[in-house]
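Colleague: Coordinates in my_file-v3.csv, CSV, C-alpha atoms, are listed below.
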chain,number,residue,atom,x,y,z
A,9,MET,CA,-24.2,11.2,-19.3
A,10,THR,CA,-20.8,10.0,-18.3
A,11,ARG,CA,-19.0,8.0,-21.0
A,12,SER,CA,-17.0,4.9,-20.1
A,13,ALA,CA,-13.8,3.7,-21.8
A,14,VAL,CA,-13.5,0.0,-22.1
A,15,ILE,CA,-10.9,-2.6,-23.2
A,16,VAL,CA,-12.1,-4.9,-26.0
A,17,ASP,CA,-8.9,-6.8,-26.5
A,18,ALA,CA,-5.2,-6.6,-25.3
A,19,VAL,CA,-2.3,-8.5,-26.9
A,20,ARG,CA,1.4,-8.6,-26.8
A,21,SER,CA,4.3,-10.1,-28.6
A,22,PRO,CA,6.5,-12.7,-27.0
A,23,MET,CA,9.2,-11.2,-24.8
A,24,ALA,CA,12.6,-11.8,-26.4
A,25,LYS,CA,16.1,-11.1,-25.1
A,26,GLY,CA,17.1,-7.6,-26.1
A,27,ARG,CA,20.4,-8.8,-27.5
A,28,ALA,CA,21.8,-8.2,-31.0
A,29,ALA,CA,23.7,-11.0,-32.7
A,30,GLN,CA,27.5,-10.8,-32.3
A,31,GLU,CA,30.3,-13.0,-33.5
A,32,GLY,CA,29.9,-16.3,-31.7
A,33,ARG,CA,26.8,-15.1,-29.9
A,34,PRO,CA,23.2,-15.4,-31.1
A,35,GLY,CA,20.8,-12.5,-31.0
A,36,GLY,CA,17.5,-12.6,-29.2
A,37,ALA,CA,14.6,-14.3,-30.9
A,38,LEU,CA,13.2,-11.0,-32.2
A,39,SER,CA,16.5,-9.2,-32.8
A,40,SER,CA,16.2,-9.6,-36.6
A,41,VAL,CA,12.8,-8.0,-36.7
A,42,HIS,CA,12.6,-4.2,-37.5
A,43,PRO,CA,10.6,-2.5,-34.7
A,44,VAL,CA,8.1,-1.2,-37.2
A,45,GLU,CA,7.5,-4.8,-38.4
A,46,LEU,CA,7.3,-6.0,-34.8
A,47,LEU,CA,4.6,-3.5,-33.8
A,48,GLY,CA,2.9,-3.9,-37.2
A,49,GLN,CA,2.4,-7.6,-36.7
A,50,VAL,CA,0.9,-7.0,-33.2
A,51,LEU,CA,-1.4,-4.3,-34.6
A,52,GLY,CA,-2.5,-6.4,-37.5
A,53,GLN,CA,-3.3,-9.3,-35.3
A,54,LEU,CA,-5.2,-7.2,-32.8
A,55,VAL,CA,-7.4,-5.9,-35.6
A,56,GLU,CA,-7.9,-9.4,-37.0
A,57,ARG,CA,-8.7,-10.9,-33.6
A,58,THR,CA,-11.5,-8.4,-32.9
A,59,GLY,CA,-12.9,-8.2,-36.4
A,60,ILE,CA,-13.2,-4.5,-36.3
A,61,ASP,CA,-13.2,-2.3,-39.4
A,62,PRO,CA,-9.6,-0.9,-39.2
A,63,GLY,CA,-10.8,2.2,-40.9
A,64,SER,CA,-13.0,3.0,-37.9
A,65,VAL,CA,-10.0,3.5,-35.7
A,66,GLU,CA,-9.6,7.2,-35.0
A,67,ASP,CA,-6.0,7.2,-33.7
A,68,VAL,CA,-3.1,5.0,-32.8
A,69,ILE,CA,-1.3,6.3,-29.7
A,70,THR,CA,2.1,4.6,-29.3
A,71,GLY,CA,4.5,4.6,-26.5
A,72,CYS,CA,8.2,4.4,-27.4
A,73,VAL,CA,11.2,5.6,-25.3
A,74,SER,CA,14.2,5.6,-27.7
A,75,GLN,CA,12.7,7.5,-30.6
A,76,VAL,CA,15.8,7.4,-32.7
A,77,GLY,CA,17.1,5.3,-35.6
A,78,GLU,CA,14.6,2.7,-36.6
A,79,GLN,CA,12.2,4.0,-34.0
A,80,THR,CA,12.3,7.6,-35.0
A,81,GLY,CA,9.4,9.7,-35.8
A,82,THR,CA,5.9,8.4,-35.4
A,83,VAL,CA,6.8,4.7,-35.2
A,84,GLY,CA,3.1,3.8,-34.7
A,85,ARG,CA,2.2,5.4,-38.1
A,86,TRP,CA,4.8,3.3,-39.9
A,87,ALA,CA,3.8,0.1,-38.0
A,88,TRP,CA,0.1,0.7,-38.9
A,89,LEU,CA,1.0,1.1,-42.6
A,90,ALA,CA,3.4,-1.9,-42.4
A,91,ALA,CA,0.4,-4.0,-41.4
A,92,GLY,CA,-1.4,-3.0,-44.5
A,93,LEU,CA,-4.0,-1.0,-42.6
A,94,PRO,CA,-5.9,2.1,-43.9
A,95,GLU,CA,-3.8,5.1,-44.7
A,96,HIS,CA,-6.3,7.6,-43.3
A,97,VAL,CA,-5.8,6.5,-39.7
A,98,PRO,CA,-3.3,8.7,-37.9
A,99,SER,CA,-0.9,8.0,-35.1
A,100,THR,CA,1.2,9.9,-32.5
A,101,SER,CA,4.0,8.9,-30.2
A,102,VAL,CA,4.2,9.3,-26.4
A,103,ASN,CA,7.3,9.3,-24.3
A,104,ARG,CA,6.9,9.2,-20.5
A,105,ALA,CA,10.0,7.1,-20.1
A,106,CYS,CA,9.2,3.5,-18.9
A,107,GLY,CA,5.5,4.3,-18.6
A,108,SER,CA,5.2,5.5,-22.2
A,109,SER,CA,2.6,2.9,-23.3
A,110,GLN,CA,0.7,3.0,-20.0
A,111,GLN,CA,0.4,6.7,-20.7
A,112,ALA,CA,-0.7,6.0,-24.2
A,113,ALA,CA,-3.5,3.8,-22.8
A,114,ASP,CA,-4.4,6.5,-20.3
A,115,PHE,CA,-4.5,9.2,-23.0
A,116,ALA,CA,-6.6,6.9,-25.3
A,117,ALA,CA,-9.1,6.1,-22.5
A,118,GLN,CA,-9.3,9.7,-21.4
A,119,GLY,CA,-9.9,10.8,-25.0
A,120,VAL,CA,-12.9,8.3,-25.2
A,121,ILE,CA,-14.3,9.5,-21.8
A,122,ALA,CA,-14.0,13.1,-23.1
A,123,GLY,CA,-15.8,12.3,-26.3
A,124,ALA,CA,-12.8,12.9,-28.6
A,125,TYR,CA,-12.7,9.3,-29.7
A,126,ASP,CA,-15.1,6.4,-30.0
A,127,ILE,CA,-12.5,3.8,-31.1
A,128,VAL,CA,-8.7,4.2,-30.5
A,129,ILE,CA,-5.7,1.8,-30.2
A,130,ALA,CA,-3.0,2.3,-27.6
A,131,SER,CA,0.3,0.5,-28.4
A,132,GLY,CA,3.9,0.3,-27.3
A,133,ILE,CA,7.2,-0.8,-28.9
A,134,GLU,CA,10.8,-1.1,-28.0
A,135,SER,CA,13.5,-3.1,-29.8
A,136,MET,CA,16.4,-3.0,-27.3
A,137,SER,CA,18.5,-5.3,-29.6
A,138,ARG,CA,18.4,-2.8,-32.4
A,139,ILE,CA,18.0,0.5,-30.5
A,140,PRO,CA,20.0,0.0,-27.3
A,141,MET,CA,18.9,1.8,-24.1
A,142,LEU,CA,19.9,5.5,-23.9
A,143,SER,CA,20.5,5.6,-27.7
A,144,ALA,CA,18.8,9.0,-27.8
A,145,ARG,CA,21.3,10.4,-25.3
A,146,ILE,CA,24.5,9.4,-26.9
A,147,GLY,CA,26.8,12.5,-26.8
A,148,MET,CA,24.0,14.6,-25.3
A,149,ASP,CA,23.3,16.3,-21.9
A,150,PRO,CA,19.6,15.7,-21.2
A,151,TYR,CA,19.6,17.8,-18.0
A,152,GLY,CA,21.1,21.2,-18.6
A,153,PRO,CA,23.1,23.4,-16.2
A,154,SER,CA,20.2,24.3,-13.8
A,155,VAL,CA,19.2,20.7,-13.1
A,156,ALA,CA,22.8,19.8,-12.7
A,157,GLU,CA,23.3,22.6,-10.2
A,158,ARG,CA,20.0,21.8,-8.3
A,159,TYR,CA,21.0,18.1,-7.9
A,160,ALA,CA,24.7,18.5,-7.4
A,161,PRO,CA,26.9,16.4,-7.1
A,162,GLY,CA,24.7,14.8,-9.8
A,163,LEU,CA,21.9,12.5,-10.7
A,164,VAL,CA,22.7,8.8,-10.6
A,165,PRO,CA,21.9,5.7,-12.8
A,166,GLN,CA,18.7,3.9,-11.9
A,167,GLY,CA,20.6,1.0,-10.5
A,168,VAL,CA,22.1,3.3,-7.9
A,169,SER,CA,18.6,4.5,-7.1
A,170,ALA,CA,17.6,0.9,-6.6
A,171,GLU,CA,20.4,0.6,-4.1
A,172,LEU,CA,19.1,3.6,-2.3
A,173,VAL,CA,15.6,2.2,-2.2
A,174,ALA,CA,16.9,-1.1,-0.9
A,175,THR,CA,18.8,0.6,1.9
A,176,ARG,CA,15.9,2.9,2.9
A,177,TRP,CA,13.5,-0.1,3.2
A,178,LYS,CA,16.2,-2.4,4.7
A,179,LEU,CA,15.9,-4.9,2.0
A,180,GLY,CA,18.8,-7.4,2.1
A,181,ARG,CA,20.3,-9.4,-0.8
A,182,ASP,CA,18.5,-12.6,0.1
A,183,GLU,CA,15.1,-10.9,0.1
A,184,LEU,CA,15.8,-9.3,-3.3
A,185,ASP,CA,17.0,-12.6,-4.8
A,186,GLU,CA,14.0,-14.6,-3.2
A,187,TYR,CA,11.6,-12.1,-4.8
A,188,SER,CA,13.4,-12.4,-8.2
A,189,ALA,CA,13.4,-16.2,-8.1
A,190,ARG,CA,9.7,-16.1,-7.4
A,191,SER,CA,9.1,-13.8,-10.4
A,192,HIS,CA,10.6,-16.5,-12.7
A,193,ALA,CA,8.6,-19.3,-10.9
A,194,ARG,CA,5.3,-17.4,-11.2
A,195,ALA,CA,5.9,-16.6,-14.9
A,196,TYR,CA,6.8,-20.2,-15.6
A,197,ALA,CA,3.7,-21.5,-13.8
A,198,ALA,CA,1.3,-19.1,-15.4
A,199,ASP,CA,-0.5,-19.8,-18.8
A,200,LEU,CA,0.5,-16.7,-20.6
A,201,THR,CA,-0.3,-18.0,-24.1
A,202,PRO,CA,-3.8,-16.3,-24.4
A,203,GLU,CA,-2.1,-12.8,-24.2
A,204,ILE,CA,0.6,-13.6,-26.8
A,205,VAL,CA,0.3,-13.2,-30.5
A,206,PRO,CA,3.0,-14.9,-32.6
A,207,ILE,CA,5.7,-13.0,-34.5
A,208,THR,CA,7.2,-14.1,-37.8
A,209,THR,CA,10.9,-13.2,-38.3
A,210,PRO,CA,12.4,-12.4,-41.7
A,211,ASP,CA,13.7,-16.0,-42.1
A,212,GLY,CA,10.2,-17.4,-41.5
A,213,THR,CA,10.7,-18.5,-37.9
A,214,VAL,CA,7.5,-18.1,-35.8
A,215,VAL,CA,8.2,-16.9,-32.3
A,216,ASP,CA,5.2,-17.6,-30.1
A,217,ALA,CA,6.6,-18.0,-26.5
A,218,ASP,CA,8.6,-15.8,-24.1
A,219,GLU,CA,12.3,-16.6,-24.1
A,220,THR,CA,13.2,-14.6,-21.0
A,221,ILE,CA,11.7,-16.9,-18.3
A,222,ARG,CA,14.4,-19.1,-16.6
A,223,GLN,CA,12.8,-22.2,-15.2
A,224,GLY,CA,14.5,-23.4,-12.0
A,225,THR,CA,16.0,-20.0,-11.0
A,226,THR,CA,17.2,-20.3,-7.4
A,227,VAL,CA,18.2,-17.9,-4.7
A,228,GLU,CA,21.5,-19.8,-4.5
A,229,GLY,CA,22.1,-19.3,-8.2
A,230,LEU,CA,21.2,-15.6,-8.1
A,231,GLY,CA,23.5,-15.2,-5.1
A,232,GLN,CA,26.5,-16.0,-7.2
A,233,LEU,CA,26.0,-12.8,-9.3
A,234,ARG,CA,28.0,-9.8,-8.5
A,235,PRO,CA,26.6,-6.3,-8.0
A,236,VAL,CA,26.8,-4.2,-11.2
A,237,PHE,CA,26.5,-0.6,-10.1
A,238,HIS,CA,29.3,-0.4,-7.5
A,239,SER,CA,32.2,1.9,-8.1
A,240,ASP,CA,34.7,3.5,-5.8
A,241,GLU,CA,33.4,7.0,-6.6
A,242,LEU,CA,29.8,6.0,-5.8
A,243,ALA,CA,30.9,4.1,-2.7
A,244,ARG,CA,32.5,7.3,-1.4
A,245,ARG,CA,29.4,9.4,-2.3
A,246,PHE,CA,26.9,6.8,-0.7
A,247,PRO,CA,28.8,5.1,2.1
A,248,GLU,CA,25.5,3.8,3.5
A,249,LEU,CA,24.8,1.5,0.5
A,250,SER,CA,25.4,-2.3,0.7
A,251,TRP,CA,25.4,-2.9,-3.1
A,252,HIS,CA,22.9,-5.6,-3.6
A,253,ILE,CA,21.6,-4.9,-7.2
A,254,THR,CA,22.7,-7.5,-9.8
A,255,ALA,CA,21.6,-8.6,-13.2
A,256,GLY,CA,19.5,-11.3,-11.6
A,257,ASN,CA,17.4,-9.0,-9.4
A,258,SER,CA,16.9,-6.4,-12.2
A,259,SER,CA,14.6,-6.3,-15.2
A,260,GLN,CA,15.9,-7.9,-18.4
A,261,LEU,CA,16.6,-5.8,-21.5
A,262,THR,CA,13.9,-7.1,-23.9
A,263,ASP,CA,12.4,-6.7,-27.4
A,264,GLY,CA,8.6,-6.5,-27.4
A,265,ALA,CA,5.4,-4.8,-28.5
A,266,ALA,CA,1.8,-4.7,-27.2
A,267,ALA,CA,-1.5,-3.1,-28.2
A,268,VAL,CA,-4.9,-2.6,-26.7
A,269,LEU,CA,-8.2,-1.8,-28.4
A,270,ILE,CA,-10.1,0.8,-26.5
A,271,MET,CA,-13.7,2.0,-27.2
A,272,SER,CA,-16.6,3.8,-25.7
A,273,GLU,CA,-18.8,1.2,-24.0
A,274,GLU,CA,-21.7,2.3,-26.2
A,275,ARG,CA,-19.8,1.8,-29.4
A,276,ALA,CA,-18.5,-1.6,-28.3
A,277,TYR,CA,-22.0,-2.9,-27.7
A,278,ALA,CA,-23.3,-1.3,-30.9
A,279,LEU,CA,-20.6,-3.3,-32.8
A,280,GLY,CA,-21.5,-6.5,-30.9
A,281,LEU,CA,-18.2,-6.6,-29.1
A,282,ARG,CA,-17.8,-7.7,-25.5
A,283,PRO,CA,-16.1,-5.1,-23.2
A,284,ARG,CA,-13.6,-7.0,-21.0
A,285,ALA,CA,-12.7,-4.2,-18.6
A,286,ARG,CA,-13.5,-0.6,-17.9
A,287,PHE,CA,-10.9,2.1,-17.1
A,288,HIS,CA,-11.8,3.2,-13.6
A,289,SER,CA,-9.2,5.8,-12.4
A,290,PHE,CA,-5.9,7.4,-13.4
A,291,ALA,CA,-3.1,9.3,-11.7
A,292,VAL,CA,0.4,10.5,-12.4
A,293,ALA,CA,2.9,11.6,-9.8
A,294,SER,CA,6.6,12.4,-9.2
A,295,ASP,CA,9.1,11.9,-6.5
A,296,ASP,CA,12.8,12.7,-5.8
A,297,PRO,CA,14.7,12.2,-9.1
A,298,ILE,CA,17.7,10.7,-7.2
A,299,THR,CA,15.8,8.1,-5.3
A,300,MET,CA,13.8,8.1,-8.6
A,301,LEU,CA,12.1,4.6,-8.3
A,302,THR,CA,9.7,5.5,-5.5
A,303,GLY,CA,7.2,7.3,-7.7
A,304,PRO,CA,4.7,4.4,-7.7
A,305,ILE,CA,4.0,5.1,-4.1
A,306,PRO,CA,2.6,8.6,-4.4
A,307,ALA,CA,1.0,7.7,-7.7
A,308,THR,CA,-0.8,4.8,-6.0
A,309,GLU,CA,-1.9,7.0,-3.1
A,310,LYS,CA,-3.3,9.5,-5.6
A,311,VAL,CA,-5.2,7.0,-7.7
A,312,LEU,CA,-6.7,5.3,-4.6
A,313,VAL,CA,-8.0,8.6,-3.4
A,314,ARG,CA,-9.5,9.3,-6.8
A,315,SER,CA,-11.0,5.9,-7.1
A,316,GLY,CA,-12.5,5.7,-3.6
A,317,LEU,CA,-10.9,2.2,-3.3
A,318,SER,CA,-8.5,0.8,-0.8
A,319,ILE,CA,-5.6,-1.6,-1.4
A,320,GLY,CA,-7.7,-4.3,0.1
A,321,ASP,CA,-10.4,-3.7,-2.6
A,322,LEU,CA,-7.9,-4.5,-5.4
A,323,ASP,CA,-7.5,-8.1,-6.6
A,324,HIS,CA,-4.4,-7.8,-8.7
A,325,TYR,CA,-1.4,-5.4,-8.5
A,326,GLU,CA,1.1,-5.0,-11.4
A,327,VAL,CA,4.1,-3.0,-10.1
A,328,ASN,CA,6.8,-3.0,-12.7
A,329,GLU,CA,9.9,-5.0,-11.6
A,330,ALA,CA,12.4,-2.5,-12.9
A,331,PHE,CA,14.5,-3.7,-9.9
A,332,ALA,CA,13.4,-6.0,-7.1
A,333,PRO,CA,13.4,-3.2,-4.5
A,334,VAL,CA,10.7,-1.3,-6.4
A,335,PRO,CA,7.7,-3.7,-5.9
A,336,LEU,CA,9.0,-4.8,-2.4
A,337,ALA,CA,9.2,-1.2,-1.2
A,338,TRP,CA,5.7,-0.5,-2.6
A,339,GLN,CA,4.4,-3.7,-1.0
A,340,ALA,CA,5.8,-2.7,2.4
A,341,HIS,CA,4.5,0.9,2.2
A,342,PHE,CA,0.9,-0.3,1.5
A,343,ALA,CA,1.0,-3.5,3.5
A,344,ALA,CA,-0.2,-5.1,0.3
A,345,ASP,CA,-1.0,-8.8,-0.1
A,346,PRO,CA,2.2,-10.4,-1.7
A,347,ARG,CA,0.0,-13.0,-3.4
A,348,LYS,CA,-1.7,-10.3,-5.5
A,349,LEU,CA,1.6,-8.6,-6.4
A,350,ASN,CA,2.8,-9.5,-9.9
A,351,PRO,CA,1.1,-13.0,-9.6
A,352,ARG,CA,2.1,-14.0,-13.2
A,353,GLY,CA,5.7,-12.8,-12.9
A,354,GLY,CA,7.1,-9.5,-13.8
A,355,ALA,CA,9.9,-7.7,-15.7
A,356,ILE,CA,12.6,-9.7,-13.8
A,357,ALA,CA,11.3,-12.8,-15.6
A,358,LEU,CA,9.5,-11.4,-18.6
A,359,GLY,CA,11.8,-8.4,-19.3
A,360,HIS,CA,11.2,-4.7,-19.7
A,361,PRO,CA,10.9,-3.5,-23.3
A,362,LEU,CA,10.7,0.1,-22.2
A,363,GLY,CA,8.1,1.7,-24.5
A,364,ALA,CA,6.0,-1.5,-24.5
A,365,SER,CA,6.1,-2.4,-20.8
A,366,GLY,CA,3.1,-0.4,-19.7
A,367,LEU,CA,0.8,-2.3,-22.1
A,368,ARG,CA,2.6,-5.6,-21.4
A,369,LEU,CA,1.6,-5.1,-17.7
A,370,MET,CA,-2.0,-4.1,-18.7
A,371,THR,CA,-2.4,-7.1,-21.0
A,372,THR,CA,-1.1,-9.5,-18.3
A,373,MET,CA,-3.3,-7.9,-15.7
A,374,LEU,CA,-6.4,-8.1,-17.8
A,375,HIS,CA,-5.8,-11.8,-18.5
A,376,GLY,CA,-4.9,-12.4,-14.9
A,377,LEU,CA,-8.2,-10.8,-13.6
A,378,GLU,CA,-10.1,-12.9,-16.0
A,379,SER,CA,-8.4,-16.1,-14.9
A,380,THR,CA,-9.1,-15.6,-11.3
A,381,GLY,CA,-12.4,-13.8,-11.5
A,382,GLY,CA,-11.0,-10.7,-9.8
A,383,ARG,CA,-12.7,-7.3,-10.2
A,384,TYR,CA,-10.2,-4.5,-9.8
A,385,GLY,CA,-6.6,-4.3,-11.0
A,386,LEU,CA,-4.0,-1.6,-10.4
A,387,GLN,CA,-0.8,-1.1,-12.4
A,388,THR,CA,1.9,1.4,-11.7
A,389,MET,CA,5.4,1.9,-13.1
A,390,CYS,CA,8.5,3.8,-11.9
A,391,GLU,CA,9.8,6.2,-14.6
A,392,ALA,CA,12.9,8.2,-15.2
A,393,GLY,CA,13.2,11.4,-13.3
A,394,GLY,CA,11.1,10.1,-10.4
A,395,MET,CA,7.8,9.9,-12.3
A,396,ALA,CA,5.1,7.2,-12.2
A,397,ASN,CA,1.7,6.4,-13.6
A,398,ALA,CA,-1.0,4.5,-11.8
A,399,THR,CA,-4.1,3.1,-13.5
A,400,ILE,CA,-7.0,1.1,-12.1
A,401,ILE,CA,-9.2,-1.1,-14.4
A,402,GLU,CA,-12.4,-2.9,-13.5
A,403,ARG,CA,-13.0,-6.3,-15.1
A,404,LEU,CA,-16.5,-6.6,-16.6
Could you spell out this file's structure in structure tokens?

Modeller:
Amino acid sequence: MTRSAVIVDAVRSPMAKGRAAQEGRPGGALSSVHPVELLGQVLGQLVERTGIDPGSVEDVITGCVSQVGEQTGTVGRWAWLAAGLPEHVPSTSVNRACGSSQQAADFAAQGVIAGAYDIVIASGIESMSRIPMLSARIGMDPYGPSVAERYAPGLVPQGVSAELVATRWKLGRDELDEYSARSHARAYAADLTPEIVPITTPDGTVVDADETIRQGTTVEGLGQLRPVFHSDELARRFPELSWHITAGNSSQLTDGAAAVLIMSEERAYALGLRPRARFHSFAVASDDPITMLTGPIPATEKVLVRSGLSIGDLDHYEVNEAFAPVPLAWQAHFAADPRKLNPRGGAIALGHPLGASGLRLMTTMLHGLESTGGRYGLQTMCEAGGMANATIIERL
């Protein structure tokens, strides 16, 4: 008998600006919260909302990208203990770059399907205020001489990859900025409160709403921003690029955490809990590490073959908005319905807290399917090195 893995609940913290306090400049709303405390509060509220016996959880699989400093080691373990939850429940950390917590959910669901778990939590955390992006690489060479030789004259920052994607798909500045303004407008119009759990900061402030959404964002306003990845050296190397990527059409650096309770369908019903969605299909894929951000295209092609579904069968697509060219290139490749693409806004409006983003997307997609009555949802994320995950869930 085939086992099914189901989602019983999915929650996330508010998305806060990933900015540490500096002299004369305030930090983001969650910048004073230790990442262990941030994830711990989300885990504790997930357990409380569902009413499960926390001692019955068999593992806590946690996505985190910069596993250094306050996020070092098994950050999910310390977060679980910080929430006052049972000591006998273990945890492990996953790093598949930006898709880390999506991979955590996939591993959790696959473990349930295989019979290794009956009850498991997937979670994700990144405090980009306290652990800045690329902290784990400071003073380090992550590639080694053979990779450097294979991809000479060298790999490029993701923003340059976004420029390459924009050029390849003939995406102009206006198109990128129009998409970005729409991300903010959609996030502002959506009721995201059911997916958010409040976070209490050390001074007692309760943060219960996203602070990253900019109401009234316009194409004209975004058009005033200057490209951020241009340099004379890169312009010589890539003379074909038009340099359209700005802070306004890129994802925001963000602090955030998310968690999903996953069970076997049989165990959920035995406990009197309502399964909200079933994991349908999974895929991982990779592409050219210089273009890098196109991985969601082969990952989606792979998961569609495995699922037996077509793009037209899907009711909701979450394609992470690392940069505006990523979802736009994906949409063009599949001739996907733009109304179904990130319909509640994406990382341009909500931010991209690296290790938490996969489950932020899954949480938003689940609530989005429920609000519209849709059946199938697909999420996919570009990841460093040209990798990507793709996951399809079925609302129940």

Colleague: What's around A:Phe246 at 12 Å? Count all atoms listed in the file, leave out sequence neighbours fewer than 2 positions away in its own chain, and write the answer as a ChimeraX atom specification.

Modeller: /A:161,164,168-169,171-172,175,237-244,248-251,298

Colleague: Counting all atoms listed in the file, which residues have an atom no more than 8 Å from (-16.9, -0.8, -24.9) in the file's coordinates? Please list them as a count of residues only.

Modeller: 17

Colleague: Separation of atom CA of A:Val83 and atom CA of A:Ala293, in Å?

Modeller: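 Atom-to-atom, atom CA of A:Val83 to atom CA of A:Ala293, that is 26.6 Å.
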
Colleague: Taking only C-alpha atoms into account, which of A:Met395, A:Ile121, A:Ala278, A:Ala37 comes nearest A:Ala217?

Modeller: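 The shortest atom-to-atom distance to A:Ala217 comes from A:Ala37.
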
Colleague: Using all atoms listed in the file, which of the listed residues (A:Glu134, A:Asp185, A:Glu228, A:Glu378) sits closest to A:Ile356?

Modeller: A:Asp185
